[in-house]
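Chemist: Mind having a look at this structure? Questions to follow.
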Amino acid sequence: MEAYCMKCKTKREITDPIAGFNAKSSPVTTGICPVCGTKLYRMGKTDAHADMVAPPKPEKVIVREGKLVIVESPAKAKTVGRFLGKGYTVRASVGHVRDLLKSQLSVDVDNNFLPKYRVPNEKKEVVKEIKKLAATAEEIFLATDPDREGESISWHLLEAAQIDPLRTKRVVFHEITAPAVADAFSHPRDINMDLVNAQQARRVLDRLVGYSISPILWEKVRGRLSAGRVQSVALRLIVERERAIDDFKPVEYWSIHGEFTPAGLKSNLTAKLARIDDKDPELSNKVIVDPILIDMETAAYSITKVKRGERRRKPTAPFTTSTLQQEASRKLGFTSKRTMGLAQGLYEGQDVGEGGTTGLITYMRTDSTNVSTIAQAEAREYVKGKYGGDFLPPEPPIYKTKSAGAQEAHEAVRPTSVMRDPEKVKEFLDPAMFKLYRLIWQRFVASQMEVAVFDTLQIEVTGKTSAHEYLLRASGSVVKFPGFMVVYEEAKNEDVKTEDDEENIKIPAGLMEGQKQELVRLIPEQHFTQPPPRFSEASLVAALEENGIGRPSTYAPTVSTIQQRGYVLREEKRLMPTDIGLQVNDLMVQYFPEVVDYNFTAHMEEDLDKIAEGQMQWEDAIREFYIPFAEDVKKAQAEMPVTKSGPEPIGRACPTCTKELVIRYGRYGKFISCSGFPDCRYTEAWLEKIGVSCPTDGGDLVERKTRKGRTFFGCINYPNCEFTSWKRPLVKPCPKCNGLLVVANKREAQCINCQESFLLEEIMPETVD
């Protein structure tokens, strides 16, 4: 038996061979070189090993070091990594790493609704890297967002990357600041499977609804349509509001005001008729009003009551997801989607000159109005320092959460530090992000301040004739102490009338009971009751929340989805259903009444809350829904009429192959394509003509949309003609120079040629209510 001798540099016969095993339990033979005496060593099994028993192989020792932290986004990873420092590796999963397969239902309805998950191709490299890092890390921390979706992402990461649960902990923080991150890492916990199952149940429910109903709509109505558990309910709200508007019959009513000159005073007082002979006046038409006016002209008037009082207005609670979206819509004109995108950026961190990125607001998906005692104390310190102790209530206010079934013990949306004044960070933020931060900051600071106090004054003027006694009232208020209003006032909700909107007029000083009033004139006004307004994104979110439909994480996606699907149009910030939206809604109401039932949808949300609290098994909730739903699907498949029609020709030939051009519907609505598809793939945008000629070349002006969905108007002959306008052009030309008029604002039109402005009611009276 030979072995290589390192000293002789050649093979030598082994002298005195001894069979054995090395440290790894592999068979070896050792001996001595017969020439130089050097120890020889040879690997491999020999006959001498036949009766020998190899020692057990030693366990492989894996050297693990460092701590791996996994978050959702690179921006969040950057901010968290800065606070954790050395010894921590922070990686982003870039959202969900595992989901149900897109190509099939992926839910085994016959096997207890077992979901079938897979890692999408675009996430395989991410999962591979995380798996590799987790294998050599001493500890792994899953630091995804602090809600059900975040909990679910953590669980999917654990499963997809095959991370050892014994070395893995879950950490949650509601703001990305150094103290919050340090506190979270000092209190790690295990993954909460109740929260995971609640999110899993939502995903499975939505998949069962979407994948069961959508194919029926494709077959019976039109391709590329979809139905969703929450989106269909939101669509129903909009459709029912539209039909209420269509069915509305205006009712005539009148009001009568009197203008008086009080004895001894120069200023006039205006009061509204409130009672006739101690009864509410019924002023339904001119025939009734005229005799009253004649009689009131002859009355002797005097002040019979002067009531002074005080009214206190409390500040509004700090933002929840819903109220943030509503206020950002009213005050800033932001869509729900844009608001949440900007809020995500503020939460994940921005560099505001503090040595790196830091989170500026708390977690933005919440339905809680809770505020930590630390944040309250900081806000009180700020208010006392800037405005004085009078602007602080004796105790920090506590706000009750209004949302039906608020999810988890989150905090309200607030700045992570009140001391980070909006003006200090303005130069570091994009204008839109700054506006949203300022709104959140102002709302929170105001919520911790003293109430505003108003002095109120109510005057009653009584007029008597031989036939009747007339009571007229005037009310007014002035700010006595501004309180929270020095920082912030909530935007007026245009859809809801309040007492403040009714009568708040300037009342002259020096009025007293018994004072004679000389009637200057009576002011009769004709009114008509108004239909309910169309939903704005803000009021739709409020309606969804009020009805318990959806949760903070679903409001913005729901509002966006129904617009992307072409079911709803957003015009002048109001949502109106399209023809296809009306058709789909009617079919859903007829064939899937439970899916679009407000109470049933709210009940499902309650079940999801029960799952999250460990009071219900997620499979039971799905089963309760699915058994009757499956019957509805069978019935719809058999009974729903086919209304599908072929593509509509537009009367032009394809410039590529000369076949007929037709209207088709895609993901983003109408478009024009060749009837020879797929052989010919010619397409062009569908352009809505607005009935106005281009001032540059006389072509038709059409409505277009930017990539971000903003509407503008341009010439149909683009790119040969580059005329565009953000403002809607009007058919009627400028009365002064015959140029093109555009809608400048709610009241005025402006000529783009001579810049002259005109009242809209004069230019197009038929469109003004």
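Residues are referred to by chain and number: the chain letter is A, B, ... according to the order shown in the structure tokens, the number counts from 1 in that chain, and ligands are numbered separately from 1 in the order shown.
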Identify all residues of stretch 517-693 of chain A in alpha helix (DSSP H) (DSSP on the backbone) and supply them as a count of residues only.

Modeler: 70

Chemist: With a distance cut-off of 8 Å and only C-alpha atoms, select the neighbouring residues of stretch 382-390 of chain A, excluding the residue or stretch itself and same-chain residues fewer than 5 positions from it, and output the selection as a PyMOL selection string.

Modeler: chain A and resi 418-419+445+449-450

Chemist: Find the residues near stretch 534-537 of chain A: any atom within 12 Å, counting only C-alpha atoms, skip ones fewer than 4 places away on the same chain, and give them as a compact mmCIF listing (two decimals) with C-alpha atoms, in the first residue's frame.

Modeler:
```
# COMPACT_ATOMS: atom_id res chain seq x y z
CA ALA A 234 -68.61 50.70 -2.42
CA LEU A 235 -69.95 50.68 -6.00
CA ARG A 236 -73.45 50.01 -4.68
CA LEU A 237 -73.24 53.06 -2.38
CA ILE A 238 -72.31 55.25 -5.36
CA VAL A 239 -74.99 53.78 -7.65
CA GLU A 240 -77.74 54.14 -5.05
CA ARG A 241 -76.72 57.76 -4.41
CA GLU A 242 -76.83 58.45 -8.17
CA ARG A 243 -80.32 56.95 -8.44
CA ALA A 244 -81.49 58.96 -5.43
CA ILE A 245 -80.30 62.07 -7.29
CA ASP A 246 -82.09 60.98 -10.49
CA SER A 322 -60.35 57.62 7.55
CA THR A 323 -60.40 61.19 8.87
CA LEU A 324 -56.92 61.85 7.42
CA GLN A 325 -58.10 60.84 3.95
CA GLN A 326 -61.26 62.93 4.31
CA GLU A 327 -59.51 66.08 5.53
CA ALA A 328 -56.68 65.78 2.99
CA SER A 329 -59.35 65.54 0.28
CA ARG A 330 -61.25 68.61 1.54
CA GLY A 333 -57.59 68.15 -2.81
CA PHE A 334 -55.63 64.87 -2.50
CA THR A 335 -57.09 61.52 -3.57
CA SER A 336 -57.13 58.76 -0.93
CA LYS A 337 -54.38 56.93 -2.82
CA ARG A 338 -52.12 59.97 -2.92
CA THR A 339 -52.71 60.75 0.76
CA ASN A 493 -67.95 69.32 5.12
CA GLU A 494 -69.82 70.54 2.06
CA ASP A 495 -72.18 67.55 2.21
CA VAL A 496 -73.47 68.23 5.72
CA GLN A 530 -81.58 69.98 -3.09
CA VAL A 541 -64.55 56.77 2.89
CA ALA A 542 -66.70 58.23 5.70
CA ALA A 543 -69.69 56.15 4.51
CA LEU A 544 -67.58 52.96 4.35
CA TYR A 555 -60.24 52.33 2.11
CA ALA A 556 -57.79 53.83 -0.39
CA PRO A 557 -57.35 50.65 -2.52
CA THR A 558 -61.15 50.23 -2.70
CA VAL A 559 -61.73 53.80 -3.90
CA SER A 560 -58.91 53.46 -6.46
CA ILE A 562 -63.60 51.04 -8.66
CA GLN A 563 -62.17 53.94 -10.69
CA VAL A 568 -66.83 55.03 -11.50
CA LEU A 569 -65.62 58.36 -12.89
CA ARG A 570 -64.18 61.16 -10.75
CA GLU A 571 -65.35 64.51 -12.09
CA GLU A 572 -64.98 67.79 -10.23
CA LYS A 573 -63.87 65.68 -7.23
CA ARG A 574 -67.21 63.82 -7.25
CA LEU A 575 -67.75 60.12 -8.00
CA MET A 576 -70.37 59.08 -10.53
CA PRO A 577 -71.07 55.58 -11.88
```

Chemist: Quick check, in Å to one decimal: how far apart do atom CA of A:Val702 and atom CA of A:Pro719 lie?

Modeler: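 Atom-to-atom, atom CA of A:Val702 and atom CA of A:Pro719 are spaced 13.3 Å apart.
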
Chemist: Using only C-alpha atoms, determine which residues lie at most 12 Å from stretch 295-298 of chain A, disregarding the query and same-chain residues fewer than 3 positions distant; provide the list as a PyMOL selection string.

Modeler: chain A and resi 256-260+273+276+288-292+301+462-472+518-524

Chemist: Extract, using only C-alpha atoms, all DNA, RNA and protein residues at most 9 Å from stretch 5-17 of chain A, discarding same-chain residues fewer than 5 positions from it, and format them as a PyMOL selection string.

Modeler: chain A and resi 29-36+38-41

Chemist: Identify, on the basis of only C-alpha atoms, every residue whose closest approach to A:Glu684 does not exceed 9 Å; exclude the query and any residue fewer than 3 positions from it along the same chain; express the result as a ChimeraX atom specification.

Modeler: /A:671-673

Chemist: In stretch 509-610 of chain A, what's strand (DSSP E) per DSSP? Answer as a ChimeraX atom specification?

Modeler: /A:516-528,568-571,574-577

Chemist: Out of A:Arg42, A:Arg623, A:Arg443, A:Lys689, which residue has the shortest atom-to-atom distance to A:Ala491 when counting only C-alpha atoms?

Modeler: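 With only C-alpha atoms as the atom set, the closest residue is A:Arg443.
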
Chemist: Considering only C-alpha atoms, state which residue in the set A:Asn121, A:Ser232, A:Thr658, A:Gln442 is at the smallest distance from A:Gly676.

Modeler: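 Smallest separation from A:Gly676 among the options: A:Thr658.
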
Chemist: Please identify every residue of stretch 592-698 of chain A that has at least one atom no farther than 12 Å from an atom of stretch 144-154 of chain A, counting only C-alpha atoms, and for each give the shortest atom pair and the distance in Å to one decimal, arranged by chain then increasing number, as CSV.

Modeler:
```
residue,atom,partner,partner_atom,distance
A:Leu608,CA,A:Arg148,CA,10.4
A:Asp609,CA,A:Arg148,CA,10.2
A:Ile611,CA,A:Arg148,CA,10.9
A:Ala612,CA,A:Arg148,CA,8.0
A:Glu613,CA,A:Arg148,CA,11.2
```
